[in-house]
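J.: Input file: data_12.tsv. Contents: TSV, C-alpha atoms and all ligand atoms.
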chain	number	residue	atom	x	y	z
A	5	MET	CA	52.35	40.68	76.79
A	6	ASN	CA	48.76	41.19	77.92
A	7	GLN	CA	46.20	42.17	75.31
A	8	PRO	CA	45.80	45.94	74.99
A	9	VAL	CA	42.66	47.17	76.69
A	10	GLN	CA	40.24	49.32	74.76
A	11	GLY	CA	36.61	50.24	75.01
A	12	GLN	CA	34.14	48.74	72.56
A	13	LEU	CA	31.33	50.78	71.08
A	14	ILE	CA	28.57	49.11	73.08
A	15	ALA	CA	25.82	51.36	74.35
A	16	GLU	CA	23.17	48.71	74.95
A	17	GLY	CA	22.18	48.44	78.60
A	18	ARG	CA	24.17	51.54	79.54
A	19	ARG	CA	22.77	54.79	80.91
A	20	PHE	CA	23.81	58.18	79.58
A	21	ALA	CA	23.09	61.71	80.73
A	22	MET	CA	23.46	64.72	78.47
A	23	VAL	CA	23.89	68.19	79.93
A	24	VAL	CA	23.04	70.77	77.29
A	25	SER	CA	23.49	74.52	77.35
A	26	ARG	CA	20.50	76.62	76.27
A	27	PHE	CA	22.85	79.49	75.32
A	28	ASN	CA	23.38	79.29	71.56
A	29	GLU	CA	20.50	76.83	71.45
A	30	MET	CA	20.40	76.90	67.66
A	31	ILE	CA	23.76	75.09	67.79
A	32	THR	CA	23.34	73.02	70.95
A	33	ARG	CA	20.05	71.47	69.78
A	34	ARG	CA	21.92	70.16	66.76
A	35	LEU	CA	24.68	68.81	68.98
A	36	LEU	CA	22.04	67.07	71.10
A	37	ASP	CA	20.36	65.61	68.01
A	38	GLY	CA	23.73	64.25	66.92
A	39	ALA	CA	24.46	62.76	70.34
A	40	LEU	CA	21.05	61.08	70.54
A	41	ASP	CA	21.40	59.71	67.03
A	42	CYS	CA	24.79	58.22	67.89
A	43	LEU	CA	23.56	56.64	71.14
A	44	LEU	CA	20.43	55.14	69.57
A	45	ARG	CA	22.36	53.81	66.56
A	46	HIS	CA	24.66	52.07	69.02
A	47	LYS	CA	21.62	50.42	70.60
A	48	ALA	CA	21.16	52.56	73.68
A	49	GLN	CA	17.54	52.48	74.81
A	50	GLU	CA	15.49	55.66	75.09
A	51	LYS	CA	14.60	54.85	78.69
A	52	ASP	CA	18.32	54.94	79.55
A	53	LEU	CA	18.86	58.46	78.19
A	54	THR	CA	18.43	61.61	80.27
A	55	VAL	CA	18.72	65.15	78.92
A	56	VAL	CA	19.22	68.08	81.30
A	57	TRP	CA	19.17	71.66	80.00
A	58	VAL	CA	21.17	74.39	81.76
A	59	PRO	CA	21.23	78.17	81.07
A	60	GLY	CA	24.78	78.32	79.70
A	61	SER	CA	28.14	76.56	79.51
A	62	PHE	CA	29.23	78.01	82.80
A	63	GLU	CA	26.50	76.02	84.60
A	64	ILE	CA	27.43	72.71	82.99
A	65	PRO	CA	30.04	71.49	85.51
A	66	THR	CA	27.73	72.00	88.51
A	67	VAL	CA	25.01	69.86	86.98
A	68	ALA	CA	27.42	67.34	85.46
A	69	LEU	CA	28.95	66.83	88.92
A	70	LYS	CA	25.54	66.14	90.48
A	71	LEU	CA	24.68	63.66	87.75
A	72	ALA	CA	28.05	61.92	87.95
A	73	GLN	CA	27.88	61.71	91.74
A	74	SER	CA	24.46	60.09	91.54
A	75	LYS	CA	26.17	57.00	90.01
A	76	LYS	CA	23.06	56.54	87.88
A	77	TYR	CA	24.96	57.08	84.63
A	78	ASP	CA	27.80	55.31	82.84
A	79	SER	CA	28.79	58.54	81.15
A	80	VAL	CA	27.84	62.20	81.30
A	81	ILE	CA	28.04	63.98	77.95
A	82	CYS	CA	28.34	67.76	78.08
A	83	LEU	CA	27.18	69.75	75.05
A	84	ALA	CA	27.58	73.48	74.54
A	85	ALA	CA	28.83	76.17	72.20
A	86	VAL	CA	30.98	79.06	73.31
A	87	ILE	CA	31.26	81.65	70.56
A	88	ARG	CA	33.67	84.57	70.60
A	89	GLY	CA	32.08	87.99	71.04
A	90	GLY	CA	33.41	91.52	71.21
A	91	THR	CA	34.95	91.16	74.68
A	92	ASP	CA	37.07	88.55	76.47
A	93	HIS	CA	33.97	87.12	78.20
A	94	TYR	CA	34.20	84.13	75.87
A	95	GLN	CA	37.65	83.21	77.16
A	96	HIS	CA	36.52	83.10	80.78
A	97	ILE	CA	33.49	80.94	80.00
A	98	ALA	CA	35.50	78.60	77.78
A	99	ALA	CA	38.24	78.21	80.40
A	100	GLU	CA	35.82	77.50	83.24
A	101	VAL	CA	33.70	74.97	81.40
A	102	THR	CA	36.79	73.16	80.16
A	103	LYS	CA	38.37	72.97	83.61
A	104	GLY	CA	35.05	72.16	85.28
A	105	ILE	CA	34.18	69.25	83.01
A	106	ALA	CA	37.66	67.76	83.41
A	107	GLN	CA	37.35	68.04	87.19
A	108	VAL	CA	34.02	66.23	87.27
A	109	GLY	CA	35.53	63.23	85.49
A	110	LEU	CA	38.62	63.17	87.69
A	111	GLN	CA	36.69	63.66	90.90
A	112	THR	CA	34.00	61.05	90.28
A	113	GLY	CA	35.63	58.53	87.92
A	114	VAL	CA	32.55	58.78	85.70
A	115	PRO	CA	33.55	59.51	82.09
A	116	THR	CA	32.47	63.09	81.57
A	117	ILE	CA	32.74	64.07	77.96
A	118	PHE	CA	33.71	67.46	76.55
A	119	GLY	CA	31.30	68.13	73.71
A	120	VAL	CA	31.82	71.88	73.87
A	121	LEU	CA	32.47	73.89	70.74
A	122	THR	CA	34.74	76.90	71.17
A	123	CYS	CA	34.46	78.92	67.98
A	124	ASP	CA	35.25	82.31	66.53
A	125	SER	CA	31.88	82.65	64.80
A	126	LEU	CA	28.40	81.23	64.47
A	127	GLU	CA	29.35	79.95	61.05
A	128	GLU	CA	32.26	77.96	62.48
A	129	ALA	CA	29.95	76.52	65.13
A	130	LEU	CA	27.32	75.52	62.55
A	131	GLU	CA	30.00	73.74	60.53
A	132	ARG	CA	30.70	71.58	63.59
A	133	ALA	CA	27.06	71.02	64.49
A	134	GLY	CA	26.06	68.87	61.57
A	135	ALA	CA	27.47	70.62	58.51
A	136	LYS	CA	30.91	70.59	56.81
A	137	GLN	CA	32.90	69.43	59.83
A	138	GLY	CA	30.48	66.74	61.02
A	139	ASN	CA	28.64	66.85	64.30
A	140	LYS	CA	30.68	67.28	67.48
A	141	GLY	CA	27.70	66.05	69.53
A	142	TRP	CA	27.77	62.75	67.66
A	143	GLN	CA	31.51	62.43	68.28
A	144	ALA	CA	31.11	63.30	71.95
A	145	ALA	CA	28.48	60.58	72.37
A	146	LEU	CA	30.79	58.08	70.67
A	147	SER	CA	33.52	58.94	73.18
A	148	GLY	CA	30.97	58.51	75.98
A	149	ILE	CA	30.07	55.04	74.72
A	150	GLU	CA	33.71	53.99	74.38
A	151	MET	CA	34.70	55.35	77.78
A	152	ALA	CA	31.72	53.75	79.53
A	153	ASP	CA	32.78	50.38	78.16
A	154	LEU	CA	36.46	50.99	78.91
A	155	MET	CA	35.85	51.91	82.55
A	156	GLU	CA	33.82	48.74	83.05
A	157	ARG	CA	36.56	46.61	81.47
A	158	LEU	CA	39.21	48.16	83.69
A	159	ASP	CA	37.13	47.13	86.73
A	160	ARG	CA	37.03	43.47	85.70
B	1	LIG	N1	27.35	80.64	77.49
B	1	LIG	C1	27.56	79.76	76.47
B	1	LIG	O1	27.19	78.58	76.58
B	1	LIG	N2	28.18	80.18	75.34
B	1	LIG	C2	28.61	81.46	75.18
B	1	LIG	O2	29.15	81.77	74.10
B	1	LIG	C3	28.41	82.39	76.21
B	1	LIG	N3	28.87	83.73	76.09
B	1	LIG	O3	29.69	84.00	75.21
B	1	LIG	O4	28.48	84.61	76.82
B	1	LIG	C4	27.74	81.94	77.39
B	1	LIG	N4	27.50	82.77	78.42
B	1	LIG	C5	26.56	82.47	79.47
B	1	LIG	C6	27.24	81.72	80.62
B	1	LIG	O5	27.55	80.39	80.23
B	1	LIG	C7	26.34	81.66	81.86
B	1	LIG	O6	25.16	80.98	81.56
B	1	LIG	C8	26.00	83.04	82.43
B	1	LIG	O7	27.16	83.82	82.60
B	1	LIG	C9	25.29	82.89	83.81
B	1	LIG	O8	26.14	82.28	84.76
Please go through the file and, once you have read it, give me the structure as structure tokens.
Ligand code: INI

T.:
Amino acid sequence: MNQPVQGQLIAEGRRFAMVVSRFNEMITRRLLDGALDCLLRHKAQEKDLTVVWVPGSFEIPTVALKLAQSKKYDSVICLAAVIRGGTDHYQHIAAEVTKGIAQVGLQTGVPTIFGVLTCDSLEEALERAGAKQGNKGWQAALSGIEMADLMERLDR
């Protein structure tokens, strides 16, 4: 049997783009800090990191697609927080950003990572942005690193 193929956690020499939603910035800044910390700890170089801010989650797929199509990045990491409000607006935004991010990855073959919190409350979001439940931005970046390496291996 052939050896199983899996991505290694090697960020050195790889280029990463982060698309970050300004909506709920108190949360998304923390997600971005987590993602940057993860990338730098895995030896990515600052010059290889690009951060692009967008107004809200809904705009993420459009920008992620442009970045992925540019072929300048080994992974595009999408960071946002969708928090339930008094209406069903939340559901529409959450559904579109989820579908959109998946489509970017499938359409371009560039690993496009879903670092989007979908929460019932600000408190729940804070817990996942560096408090009790860890930092989802850090985890998203780790997936970006692994997938970037995996895609390269599968090309060999
Ligand atoms: N954008 C978010 O990133 N999170 C939210 O919770 C949110 N809610 O609930 O409204 C949100 N809305 C803005 C949306 O993403 C767009 O920026 C806006 O509709 C303009 O297209």

J.: Using only C-alpha atoms and all ligand atoms, find each residue with an atom at most 6 Å away from ligand LIG 1 (chain B) and format the answer as a ChimeraX atom specification.

T.: /A:25,27,59-63,84-87,94,97

J.: Next, the residues of the selection above should be written as a PDB file, keeping the file's coordinate frame with C-alpha atoms.

T.:
ATOM      1  CA  SER A  25      23.490  74.520  77.350  1.00  0.00           C
ATOM      2  CA  PHE A  27      22.850  79.490  75.320  1.00  0.00           C
ATOM      3  CA  PRO A  59      21.230  78.170  81.070  1.00  0.00           C
ATOM      4  CA  GLY A  60      24.780  78.320  79.700  1.00  0.00           C
ATOM      5  CA  SER A  61      28.140  76.560  79.510  1.00  0.00           C
ATOM      6  CA  PHE A  62      29.230  78.010  82.800  1.00  0.00           C
ATOM      7  CA  GLU A  63      26.500  76.020  84.600  1.00  0.00           C
ATOM      8  CA  ALA A  84      27.580  73.480  74.540  1.00  0.00           C
ATOM      9  CA  ALA A  85      28.830  76.170  72.200  1.00  0.00           C
ATOM     10  CA  VAL A  86      30.980  79.060  73.310  1.00  0.00           C
ATOM     11  CA  ILE A  87      31.260  81.650  70.560  1.00  0.00           C
ATOM     12  CA  TYR A  94      34.200  84.130  75.870  1.00  0.00           C
ATOM     13  CA  ILE A  97      33.490  80.940  80.000  1.00  0.00           C
TER      14      ILE A  97
END

J.: Quick one, how far is atom CA of His96 of chain A from atom CA of Arg132 of chain A?

T.: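 Straight-line distance from atom CA of His96 of chain A to atom CA of Arg132 of chain A works out to 21.5 Å.
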
J.: Counting only C-alpha atoms, which residue out of A:Arg18, A:Arg34, A:Arg45, A:Arg26 sits closest to Ala135 of chain A?

T.: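 Nearest to Ala135 of chain A: A:Arg34.
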
J.: List the spatial neighbours of Leu53 of chain A as a PyMOL selection string - criterion: any atom at most 8 Å away, all atoms listed in the file, same-chain residues fewer than 4 positions off excluded.

T.: chain A and resi 19-22+48-49

J.: At a cut-off of 9 Å, can you tabulate as JSON lines every residue of segment 107-158 of chain A near segment 71-83 of chain A together with its closest atom pair and the distance in Å to one decimal, using only C-alpha atoms and ordering rows by chain then number?

T.:
{"residue": "A:Val108", "atom": "CA", "partner": "A:Ala72", "partner_atom": "CA", "distance": 7.4}
{"residue": "A:Gly109", "atom": "CA", "partner": "A:Ala72", "partner_atom": "CA", "distance": 8.0}
{"residue": "A:Thr112", "atom": "CA", "partner": "A:Gln73", "partner_atom": "CA", "distance": 6.3}
{"residue": "A:Gly113", "atom": "CA", "partner": "A:Ala72", "partner_atom": "CA", "distance": 8.3}
{"residue": "A:Val114", "atom": "CA", "partner": "A:Ser79", "partner_atom": "CA", "distance": 5.9}
{"residue": "A:Pro115", "atom": "CA", "partner": "A:Ser79", "partner_atom": "CA", "distance": 4.9}
{"residue": "A:Thr116", "atom": "CA", "partner": "A:Val80", "partner_atom": "CA", "distance": 4.7}
{"residue": "A:Ile117", "atom": "CA", "partner": "A:Ile81", "partner_atom": "CA", "distance": 4.7}
{"residue": "A:Phe118", "atom": "CA", "partner": "A:Cys82", "partner_atom": "CA", "distance": 5.6}
{"residue": "A:Gly119", "atom": "CA", "partner": "A:Leu83", "partner_atom": "CA", "distance": 4.6}
{"residue": "A:Val120", "atom": "CA", "partner": "A:Leu83", "partner_atom": "CA", "distance": 5.2}
{"residue": "A:Leu121", "atom": "CA", "partner": "A:Leu83", "partner_atom": "CA", "distance": 8.0}
{"residue": "A:Lys140", "atom": "CA", "partner": "A:Leu83", "partner_atom": "CA", "distance": 8.7}
{"residue": "A:Gly141", "atom": "CA", "partner": "A:Leu83", "partner_atom": "CA", "distance": 6.7}
{"residue": "A:Ala144", "atom": "CA", "partner": "A:Ile81", "partner_atom": "CA", "distance": 6.8}
{"residue": "A:Ala145", "atom": "CA", "partner": "A:Ile81", "partner_atom": "CA", "distance": 6.5}
{"residue": "A:Ser147", "atom": "CA", "partner": "A:Ile81", "partner_atom": "CA", "distance": 8.8}
{"residue": "A:Gly148", "atom": "CA", "partner": "A:Ser79", "partner_atom": "CA", "distance": 5.6}
{"residue": "A:Ile149", "atom": "CA", "partner": "A:Ser79", "partner_atom": "CA", "distance": 7.4}
{"residue": "A:Met151", "atom": "CA", "partner": "A:Ser79", "partner_atom": "CA", "distance": 7.5}
{"residue": "A:Ala152", "atom": "CA", "partner": "A:Asp78", "partner_atom": "CA", "distance": 5.4}
{"residue": "A:Asp153", "atom": "CA", "partner": "A:Asp78", "partner_atom": "CA", "distance": 8.4}
{"residue": "A:Met155", "atom": "CA", "partner": "A:Asp78", "partner_atom": "CA", "distance": 8.7}
{"residue": "A:Glu156", "atom": "CA", "partner": "A:Asp78", "partner_atom": "CA", "distance": 8.9}

J.: What does the distance between atom CA of Gln95 of chain A and atom CA of Val24 of chain A come to in Å, to one decimal place?

T.: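 Going from atom CA of Gln95 of chain A over to atom CA of Val24 of chain A, I get 19.2 Å.
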
J.: Between A:Gln143, A:Ser125, A:Thr54, A:Gln7, which one has atoms that come closest to Gly90 of chain A, using only C-alpha atoms?

T.: A:Ser125

J.: Looking at A:Met5, A:Met30, A:Val23, A:Cys42, which one is nearest to Leu130 of chain A, with distances taken over all atoms listed in the file?

T.: A:Met30

J.: Which is closest to Leu69 of chain A among A:Gly89, A:Gly17, A:Pro8, A:Gly104, if we use all atoms listed in the file?

T.: A:Gly104

J.: Draw an axis-aligned box over all listed atoms of segment 101-104 of chain A, pad each side with 8 Å, and write its centre and edge lengths in Å, one decimal, as lines of an AutoDock Vina configuration file.

T.:
center_x = 36.0
center_y = 73.6
center_z = 82.7
size_x = 20.7
size_y = 18.8
size_z = 21.1

J.: Using atom CA of Arg157 of chain A and atom CA of His46 of chain A as the two end points, give the distance in Å to one decimal.

T.: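 We find that atom CA of Arg157 of chain A and atom CA of His46 of chain A lie 18.1 Å from each other.
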